[in-house]
Every structure is written in structure tokens, then in C-alpha cells.
Amino acid sequence: DAGVTQSPTHLIKTRGQQVTLRCSPKSGHDTVSWYQQALGQGPQFIFQYYEEEERQRGNFPDRFSGHQFPNYSSELNVNALLLGDSALYLCASSFPPGTYTEAFFGQGTRLTVV
Amino acid sequence: DQQVKQNSPSLSVQEGRISILNCDYTNSMFDYFLWYKKYPAEGPTFLISISSIKDKNEDGRFTVFLNKSAKHLSLHIVPSQPGDSAVYFCAASASQFYGGSQGNLIFGKGTKLSVKP
């Protein structure tokens with residue numbers, strides 16, 4: 001059973017560019033959440049997708065957007081990249097919110113903005 | 001304002017001894033707590049969880065204790081092994097909808113555990 005898979009694993013972008021990160025959830029999971037982990041910090045919640053809609057959003061600007069496809073996979077898009085967007089981006093899948101369920105994480109995408 | 005706090009950035013323990021990692025939270029709406037382990041260049045791996053209706057949960061060498069009145073939880077690893085060396089994150093979530101949030105995880109900053117042979 002494949003767990004959560006993310007692509008690409010590493011990415012270097014120039015300030016001002018746009019980036020798209022991809023995530024396939026664990027088999028059987030229909031909820032995908034995205035987190036940003038800066039160096040020395042814990043992961044911070046960006047947003048969550050369920051039934052192809054953004055259900056919740058953390059404290060991130062509109063430059064961060066996403067999408068969920070009918071097969072539950074998801075994309076994270078970041079526009080107008082800033083140096084401060086350099087971080088590890090983690091995708092997590094789970095059962096729907098409102099249940100006591102752990103989230104399973106992918107290995108992350110390391111984004112470097114130069 | 002940090003809702004989940006891990007006040008010890010690092011912990012060093014001898015192999016075979018007990019490791020105790022601590023976590024405090026401030027939001028009384030949290031009712032589900034999780035511990036994740038993270039190795040460099042990997043995503044967090046789920047270790048163990050506890051809901052607020054319990055005060056203890058065990059899984060092999062790992063036990064999590066929850067003290068709701070103190071808003072404190074701890075992870076005990078007995079016996080500690082060198083392979084346990086990693087960063088441990090405490091996370092909390094609310095199963096009920098509140099303040100526009102439900103189910104997303106709020107993480108602490110992590111504690112780096114080093115287990116010495």
C-alpha cells in the first residue's frame with residue numbers, strides 16, 4: 001500500500017516565479033492537508049481539501065492556493081514567490097475532519113527560493 | 001501565540017533508559033493529541049495518539065500521558081534505543097468545529113532526542 005507521495009522532492013525557484021507541488025494521498029483517504037515547515041519550526045497548517053473544496057485555511061496569504069481532484073490527489077500553488085517561502089512543504093492525508101484520526105505525511109517537497 | 005509548546009529543544013538520554021518528552025497546550029478545544037517522529041529529509045511519521053477521554057495510551061515502548069487539568073501531555077519511551085534519535089513533534093487538534101477550524105493539526109516546535117549507545 002503506497003503511502004502519501006509528493007513530487008517533486010526538491011525544487012529551486014527564483015523570487016517572483018510561481019510553483020506547483022503535487023500530492024497523492026494514502027489509499028482510502030479522501031482529505032488532504034498542506035503544511036509548511038520552516039527551518040527549526042514545527043509544520044504550520046496552510047489549508048485542507050475535502051470533496052474537492054477548500055474546507056479550512058490557516059494564516060497564509062492568497063498567494064497560496066490549491067486544488068483537489070476527483071481521485072483525491074491535490075496540488076499546492078504558490079504565486080509571486082518570496083525568499084521567505086523557502087521551506088519544506090508537507091502533504092498529509094487523513095479521513096474526514098471530525099473523526100479521531102491521525103494524518104499520514106509524505107516525505108515533503110523542499111522548496112528553495114533564490 | 002503558540003497554542004502547542006514544547007519547551008525543551010533537545011534531550012539527551014543513555015540507551016536503555018527512559019526518555020520523557022513534554023508538551024503543553026493552551027486551547028481547551030483541543031481533544032485529540034498526537035506525537036510524530038521526524039528524521040532529516042523525511043516527513044513526520046505518526047507514533048501514538050490519545051483522545052481527551054483517556055489519560056494514558058500505550059503502544060509497545062511508547063506511552064503517552066494526558067493531564068487535561070494541567071493542559072499537559074508527555075511521551076515516554078522505554079527503553080530508549082539509538083534508532084529513536086530524531087525530532088519529536090507534539091500536535092493537537094479539535095474534532096469539533098470552532099473558530100473556522102476542525103481537524104487540522106497544530107504542532108509544537110519539536111524536541112530533538114539523542115539516544116547515546
# chains A, B, ... in the order shown; residues from 1 in each chain; ligands from 1

$ residues_around --residues "B:Ser114" --least-positions-apart "6" --cutoff "8 Å" --atoms "only C-alpha atoms" --output "compact mmCIF listing (two decimals) with N, CA, C and O atoms, in the first residue's frame"
# COMPACT_ATOMS: atom_id res chain seq x y z
N SER B 10 15.94 20.18 23.02
CA SER B 10 16.72 18.96 22.85
C SER B 10 16.74 18.16 24.15
O SER B 10 16.51 18.69 25.24
N LEU B 11 17.01 16.87 23.99
CA LEU B 11 17.08 15.94 25.12
C LEU B 11 18.08 14.85 24.78
O LEU B 11 18.04 14.29 23.68
N SER B 12 18.98 14.58 25.72
CA SER B 12 19.96 13.52 25.50
C SER B 12 19.77 12.44 26.57
O SER B 12 19.69 12.75 27.76
N VAL B 13 19.71 11.19 26.12
CA VAL B 13 19.41 10.08 27.03
C VAL B 13 20.34 8.91 26.70
O VAL B 13 20.72 8.70 25.53
N PRO B 82 19.09 3.73 20.25
CA PRO B 82 19.75 4.72 19.37
C PRO B 82 18.90 5.07 18.15
O PRO B 82 18.91 6.21 17.69
N ASP B 84 15.89 5.62 18.07
CA ASP B 84 14.86 6.59 18.45
C ASP B 84 15.34 8.03 18.28
O ASP B 84 14.55 8.97 18.42
N SER B 85 16.60 8.22 18.02
CA SER B 85 17.16 9.56 17.84
C SER B 85 16.50 10.23 16.64
O SER B 85 16.61 9.76 15.50
N ALA B 86 15.80 11.32 16.89
CA ALA B 86 15.02 12.02 15.87
C ALA B 86 14.43 13.27 16.52
O ALA B 86 14.62 13.51 17.71

$ closest_atom_pairs --of "chain B" --to "chain A" --cutoff "6 Å" --atoms "only C-alpha atoms" --output "Markdown table"
| residue | atom | partner | partner_atom | distance |
| --- | --- | --- | --- | --- |
| B:Glu42 | CA | A:Gln107 | CA | 4.6 |
| B:Gly43 | CA | A:Gln107 | CA | 4.0 |
| B:Pro44 | CA | A:Phe105 | CA | 6.0 |
| B:Ser95 | CA | A:Gly98 | CA | 4.5 |
| B:Gln96 | CA | A:Gly98 | CA | 6.0 |
| B:Gly103 | CA | A:Pro97 | CA | 4.8 |
| B:Phe107 | CA | A:Gly42 | CA | 5.5 |
| B:Gly108 | CA | A:Gly42 | CA | 5.5 |
| B:Lys109 | CA | A:Gly42 | CA | 4.3 |

$ residues_around --residues "B:Ala92" --least-positions-apart "4" --cutoff "9 Å" --atoms "only C-alpha atoms" --output "number ranges by chain"
B: 3-4, 25, 30-35, 103-108

$ atom_distance --atom1 "atom CA of B:Ser74" --atom2 "atom CA of B:Phe46"
15.3 Å

$ select_by_dssp --residues "chain B" --states "strand (DSSP E or B)" --output "PDB file with N, CA and C atoms, in the first residue's frame"
ATOM      1  N   VAL B   4       0.546  25.221  21.067  1.00  0.00           N
ATOM      2  CA  VAL B   4       1.193  23.979  21.470  1.00  0.00           C
ATOM      3  C   VAL B   4       2.671  24.289  21.683  1.00  0.00           C
ATOM      4  N   LYS B   5       3.157  23.974  22.877  1.00  0.00           N
ATOM      5  CA  LYS B   5       4.525  24.342  23.217  1.00  0.00           C
ATOM      6  C   LYS B   5       5.341  23.132  23.642  1.00  0.00           C
ATOM      7  N   SER B  10      15.936  20.178  23.018  1.00  0.00           N
ATOM      8  CA  SER B  10      16.724  18.961  22.854  1.00  0.00           C
ATOM      9  C   SER B  10      16.737  18.163  24.153  1.00  0.00           C
ATOM     10  N   LEU B  11      17.015  16.866  23.990  1.00  0.00           N
ATOM     11  CA  LEU B  11      17.076  15.943  25.122  1.00  0.00           C
ATOM     12  C   LEU B  11      18.084  14.854  24.776  1.00  0.00           C
ATOM     13  N   SER B  12      18.975  14.581  25.722  1.00  0.00           N
ATOM     14  CA  SER B  12      19.959  13.520  25.504  1.00  0.00           C
ATOM     15  C   SER B  12      19.770  12.444  26.568  1.00  0.00           C
ATOM     16  N   VAL B  13      19.712  11.188  26.121  1.00  0.00           N
ATOM     17  CA  VAL B  13      19.413  10.076  27.027  1.00  0.00           C
ATOM     18  C   VAL B  13      20.344   8.906  26.696  1.00  0.00           C
ATOM     19  N   GLN B  14      20.678   8.159  27.721  1.00  0.00           N
ATOM     20  CA  GLN B  14      21.507   6.969  27.512  1.00  0.00           C
ATOM     21  C   GLN B  14      20.638   5.807  27.026  1.00  0.00           C
ATOM     22  N   SER B  19      13.150   7.938  28.102  1.00  0.00           N
ATOM     23  CA  SER B  19      13.089   9.283  27.533  1.00  0.00           C
ATOM     24  C   SER B  19      11.707   9.844  27.828  1.00  0.00           C
ATOM     25  N   ILE B  20      11.664  11.064  28.323  1.00  0.00           N
ATOM     26  CA  ILE B  20      10.381  11.728  28.600  1.00  0.00           C
ATOM     27  C   ILE B  20      10.358  13.050  27.858  1.00  0.00           C
ATOM     28  N   LEU B  21       9.421  13.158  26.917  1.00  0.00           N
ATOM     29  CA  LEU B  21       9.259  14.397  26.144  1.00  0.00           C
ATOM     30  C   LEU B  21       7.951  15.045  26.557  1.00  0.00           C
ATOM     31  N   ASN B  22       8.014  16.352  26.782  1.00  0.00           N
ATOM     32  CA  ASN B  22       6.863  17.072  27.316  1.00  0.00           C
ATOM     33  C   ASN B  22       6.252  18.047  26.322  1.00  0.00           C
ATOM     34  N   CYS B  23       4.981  18.318  26.537  1.00  0.00           N
ATOM     35  CA  CYS B  23       4.238  19.198  25.633  1.00  0.00           C
ATOM     36  C   CYS B  23       3.125  19.881  26.428  1.00  0.00           C
ATOM     37  N   ASP B  24       2.947  21.175  26.242  1.00  0.00           N
ATOM     38  CA  ASP B  24       1.866  21.918  26.876  1.00  0.00           C
ATOM     39  C   ASP B  24       0.987  22.554  25.806  1.00  0.00           C
ATOM     40  N   TYR B  25      -0.278  22.703  26.097  1.00  0.00           N
ATOM     41  CA  TYR B  25      -1.185  23.348  25.152  1.00  0.00           C
ATOM     42  C   TYR B  25      -2.055  24.351  25.891  1.00  0.00           C
ATOM     43  N   TYR B  32      -7.767  15.963  20.805  1.00  0.00           N
ATOM     44  CA  TYR B  32      -7.042  14.832  20.221  1.00  0.00           C
ATOM     45  C   TYR B  32      -5.599  15.256  20.081  1.00  0.00           C
ATOM     46  N   PHE B  33      -4.705  14.397  20.585  1.00  0.00           N
ATOM     47  CA  PHE B  33      -3.294  14.760  20.655  1.00  0.00           C
ATOM     48  C   PHE B  33      -2.462  13.646  20.028  1.00  0.00           C
ATOM     49  N   LEU B  34      -1.423  14.055  19.308  1.00  0.00           N
ATOM     50  CA  LEU B  34      -0.629  13.089  18.574  1.00  0.00           C
ATOM     51  C   LEU B  34       0.847  13.391  18.756  1.00  0.00           C
ATOM     52  N   TRP B  35       1.656  12.358  18.645  1.00  0.00           N
ATOM     53  CA  TRP B  35       3.102  12.509  18.607  1.00  0.00           C
ATOM     54  C   TRP B  35       3.605  11.971  17.271  1.00  0.00           C
ATOM     55  N   TYR B  36       4.493  12.761  16.659  1.00  0.00           N
ATOM     56  CA  TYR B  36       5.125  12.375  15.412  1.00  0.00           C
ATOM     57  C   TYR B  36       6.634  12.382  15.607  1.00  0.00           C
ATOM     58  N   LYS B  37       7.293  11.488  14.886  1.00  0.00           N
ATOM     59  CA  LYS B  37       8.747  11.433  14.870  1.00  0.00           C
ATOM     60  C   LYS B  37       9.212  11.831  13.470  1.00  0.00           C
ATOM     61  N   LYS B  38      10.297  12.597  13.424  1.00  0.00           N
ATOM     62  CA  LYS B  38      10.780  13.048  12.113  1.00  0.00           C
ATOM     63  C   LYS B  38      12.294  12.881  12.015  1.00  0.00           C
ATOM     64  N   THR B  45       6.458  10.966  10.895  1.00  0.00           N
ATOM     65  CA  THR B  45       5.855   9.638  10.984  1.00  0.00           C
ATOM     66  C   THR B  45       5.021   9.563  12.244  1.00  0.00           C
ATOM     67  N   PHE B  46       3.774   9.143  12.115  1.00  0.00           N
ATOM     68  CA  PHE B  46       2.890   9.037  13.263  1.00  0.00           C
ATOM     69  C   PHE B  46       3.404   7.980  14.243  1.00  0.00           C
ATOM     70  N   LEU B  47       3.390   8.352  15.545  1.00  0.00           N
ATOM     71  CA  LEU B  47       3.845   7.439  16.585  1.00  0.00           C
ATOM     72  C   LEU B  47       2.682   6.909  17.414  1.00  0.00           C
ATOM     73  N   ILE B  48       1.981   7.823  18.055  1.00  0.00           N
ATOM     74  CA  ILE B  48       0.953   7.439  19.000  1.00  0.00           C
ATOM     75  C   ILE B  48       0.031   8.626  19.224  1.00  0.00           C
ATOM     76  N   SER B  49      -1.208   8.334  19.587  1.00  0.00           N
ATOM     77  CA  SER B  49      -2.167   9.410  19.825  1.00  0.00           C
ATOM     78  C   SER B  49      -2.978   9.119  21.080  1.00  0.00           C
ATOM     79  N   ILE B  50      -3.718  10.152  21.523  1.00  0.00           N
ATOM     80  CA  ILE B  50      -4.603   9.982  22.664  1.00  0.00           C
ATOM     81  C   ILE B  50      -5.751  10.968  22.530  1.00  0.00           C
ATOM     82  N   SER B  51      -6.941  10.515  22.837  1.00  0.00           N
ATOM     83  CA  SER B  51      -8.080  11.431  22.843  1.00  0.00           C
ATOM     84  C   SER B  51      -8.293  11.920  24.269  1.00  0.00           C
ATOM     85  N   LYS B  56      -4.190   7.950  29.373  1.00  0.00           N
ATOM     86  CA  LYS B  56      -2.992   7.163  29.066  1.00  0.00           C
ATOM     87  C   LYS B  56      -3.260   6.293  27.850  1.00  0.00           C
ATOM     88  N   ASN B  57      -2.250   6.166  27.017  1.00  0.00           N
ATOM     89  CA  ASN B  57      -2.330   5.239  25.902  1.00  0.00           C
ATOM     90  C   ASN B  57      -0.946   4.652  25.667  1.00  0.00           C
ATOM     91  N   GLU B  58      -0.908   3.316  25.514  1.00  0.00           N
ATOM     92  CA  GLU B  58       0.365   2.616  25.342  1.00  0.00           C
ATOM     93  C   GLU B  58       0.432   1.912  24.005  1.00  0.00           C
ATOM     94  N   ASP B  59       1.628   1.899  23.444  1.00  0.00           N
ATOM     95  CA  ASP B  59       1.869   1.133  22.230  1.00  0.00           C
ATOM     96  C   ASP B  59       3.315   0.684  22.254  1.00  0.00           C
ATOM     97  N   PHE B  62       6.222   2.873  23.676  1.00  0.00           N
ATOM     98  CA  PHE B  62       5.751   4.264  23.729  1.00  0.00           C
ATOM     99  C   PHE B  62       4.466   4.377  24.546  1.00  0.00           C
ATOM    100  N   THR B  63       4.465   5.343  25.473  1.00  0.00           N
ATOM    101  CA  THR B  63       3.270   5.632  26.266  1.00  0.00           C
ATOM    102  C   THR B  63       3.058   7.131  26.275  1.00  0.00           C
ATOM    103  N   VAL B  64       1.836   7.549  26.036  1.00  0.00           N
ATOM    104  CA  VAL B  64       1.502   8.969  26.127  1.00  0.00           C
ATOM    105  C   VAL B  64       0.560   9.160  27.308  1.00  0.00           C
ATOM    106  N   PHE B  65       0.869  10.188  28.097  1.00  0.00           N
ATOM    107  CA  PHE B  65       0.050  10.549  29.250  1.00  0.00           C
ATOM    108  C   PHE B  65      -0.560  11.916  28.992  1.00  0.00           C
ATOM    109  N   LEU B  66      -1.830  12.063  29.359  1.00  0.00           N
ATOM    110  CA  LEU B  66      -2.529  13.337  29.188  1.00  0.00           C
ATOM    111  C   LEU B  66      -3.082  13.814  30.528  1.00  0.00           C
ATOM    112  N   ASN B  67      -2.733  15.043  30.888  1.00  0.00           N
ATOM    113  CA  ASN B  67      -3.270  15.680  32.093  1.00  0.00           C
ATOM    114  C   ASN B  67      -4.076  16.889  31.636  1.00  0.00           C
ATOM    115  N   HIS B  72      -1.386  19.394  29.749  1.00  0.00           N
ATOM    116  CA  HIS B  72      -0.027  18.892  29.581  1.00  0.00           C
ATOM    117  C   HIS B  72      -0.074  17.437  29.108  1.00  0.00           C
ATOM    118  N   LEU B  73       0.804  17.109  28.167  1.00  0.00           N
ATOM    119  CA  LEU B  73       0.959  15.703  27.820  1.00  0.00           C
ATOM    120  C   LEU B  73       2.443  15.382  27.715  1.00  0.00           C
ATOM    121  N   SER B  74       2.728  14.091  27.877  1.00  0.00           N
ATOM    122  CA  SER B  74       4.113  13.648  27.802  1.00  0.00           C
ATOM    123  C   SER B  74       4.184  12.322  27.056  1.00  0.00           C
ATOM    124  N   LEU B  75       5.319  12.113  26.429  1.00  0.00           N
ATOM    125  CA  LEU B  75       5.609  10.865  25.723  1.00  0.00           C
ATOM    126  C   LEU B  75       6.765  10.182  26.435  1.00  0.00           C
ATOM    127  N   HIS B  76       6.547   8.938  26.847  1.00  0.00           N
ATOM    128  CA  HIS B  76       7.584   8.158  27.497  1.00  0.00           C
ATOM    129  C   HIS B  76       8.045   7.059  26.542  1.00  0.00           C
ATOM    130  N   ILE B  77       9.344   6.928  26.401  1.00  0.00           N
ATOM    131  CA  ILE B  77       9.918   5.867  25.571  1.00  0.00           C
ATOM    132  C   ILE B  77      10.791   5.007  26.484  1.00  0.00           C
ATOM    133  N   ALA B  86      15.797  11.316  16.894  1.00  0.00           N
ATOM    134  CA  ALA B  86      15.019  12.020  15.868  1.00  0.00           C
ATOM    135  C   ALA B  86      14.432  13.273  16.517  1.00  0.00           C
ATOM    136  N   VAL B  87      13.713  14.044  15.734  1.00  0.00           N
ATOM    137  CA  VAL B  87      12.949  15.173  16.280  1.00  0.00           C
ATOM    138  C   VAL B  87      11.511  14.698  16.517  1.00  0.00           C
ATOM    139  N   TYR B  88      11.014  14.966  17.704  1.00  0.00           N
ATOM    140  CA  TYR B  88       9.661  14.550  18.077  1.00  0.00           C
ATOM    141  C   TYR B  88       8.757  15.770  18.150  1.00  0.00           C
ATOM    142  N   PHE B  89       7.643  15.681  17.446  1.00  0.00           N
ATOM    143  CA  PHE B  89       6.672  16.769  17.432  1.00  0.00           C
ATOM    144  C   PHE B  89       5.407  16.342  18.156  1.00  0.00           C
ATOM    145  N   CYS B  90       4.923  17.216  18.992  1.00  0.00           N
ATOM    146  CA  CYS B  90       3.621  17.089  19.615  1.00  0.00           C
ATOM    147  C   CYS B  90       2.631  17.874  18.746  1.00  0.00           C
ATOM    148  N   ALA B  91       1.444  17.331  18.536  1.00  0.00           N
ATOM    149  CA  ALA B  91       0.429  18.018  17.741  1.00  0.00           C
ATOM    150  C   ALA B  91      -0.927  17.854  18.406  1.00  0.00           C
ATOM    151  N   ALA B  92      -1.789  18.824  18.194  1.00  0.00           N
ATOM    152  CA  ALA B  92      -3.127  18.794  18.781  1.00  0.00           C
ATOM    153  C   ALA B  92      -4.162  19.190  17.741  1.00  0.00           C
ATOM    154  N   SER B  93      -5.367  18.668  17.912  1.00  0.00           N
ATOM    155  CA  SER B  93      -6.449  19.070  17.010  1.00  0.00           C
ATOM    156  C   SER B  93      -7.771  19.053  17.764  1.00  0.00           C
ATOM    157  N   TYR B  98     -14.600  24.820  15.375  1.00  0.00           N
ATOM    158  CA  TYR B  98     -14.564  26.041  16.173  1.00  0.00           C
ATOM    159  C   TYR B  98     -13.680  27.047  15.474  1.00  0.00           C
ATOM    160  N   SER B 101     -12.019  26.225  12.276  1.00  0.00           N
ATOM    161  CA  SER B 101     -11.021  25.157  12.229  1.00  0.00           C
ATOM    162  C   SER B 101     -11.601  23.852  12.748  1.00  0.00           C
ATOM    163  N   ILE B 106      -2.180  21.329  14.963  1.00  0.00           N
ATOM    164  CA  ILE B 106      -1.339  22.426  15.450  1.00  0.00           C
ATOM    165  C   ILE B 106      -0.115  21.786  16.091  1.00  0.00           C
ATOM    166  N   PHE B 107       1.050  22.105  15.582  1.00  0.00           N
ATOM    167  CA  PHE B 107       2.281  21.466  16.023  1.00  0.00           C
ATOM    168  C   PHE B 107       3.075  22.351  16.979  1.00  0.00           C
ATOM    169  N   THR B 111      11.158  18.560  19.742  1.00  0.00           N
ATOM    170  CA  THR B 111      12.262  18.276  20.648  1.00  0.00           C
ATOM    171  C   THR B 111      13.177  17.277  19.972  1.00  0.00           C
ATOM    172  N   LYS B 112      14.451  17.612  19.885  1.00  0.00           N
ATOM    173  CA  LYS B 112      15.417  16.709  19.260  1.00  0.00           C
ATOM    174  C   LYS B 112      15.935  15.738  20.310  1.00  0.00           C
ATOM    175  N   LEU B 113      15.635  14.469  20.141  1.00  0.00           N
ATOM    176  CA  LEU B 113      16.065  13.434  21.072  1.00  0.00           C
ATOM    177  C   LEU B 113      17.325  12.757  20.532  1.00  0.00           C
ATOM    178  N   SER B 114      18.318  12.667  21.384  1.00  0.00           N
ATOM    179  CA  SER B 114      19.545  11.935  21.042  1.00  0.00           C
ATOM    180  C   SER B 114      19.700  10.809  22.054  1.00  0.00           C
ATOM    181  N   VAL B 115      19.764   9.578  21.560  1.00  0.00           N
ATOM    182  CA  VAL B 115      19.949   8.426  22.432  1.00  0.00           C
ATOM    183  C   VAL B 115      21.364   7.901  22.195  1.00  0.00           C
ATOM    184  N   LYS B 116      22.170   7.940  23.250  1.00  0.00           N
ATOM    185  CA  LYS B 116      23.582   7.589  23.121  1.00  0.00           C
ATOM    186  C   LYS B 116      23.811   6.130  23.496  1.00  0.00           C
TER     187      LYS B 116
END
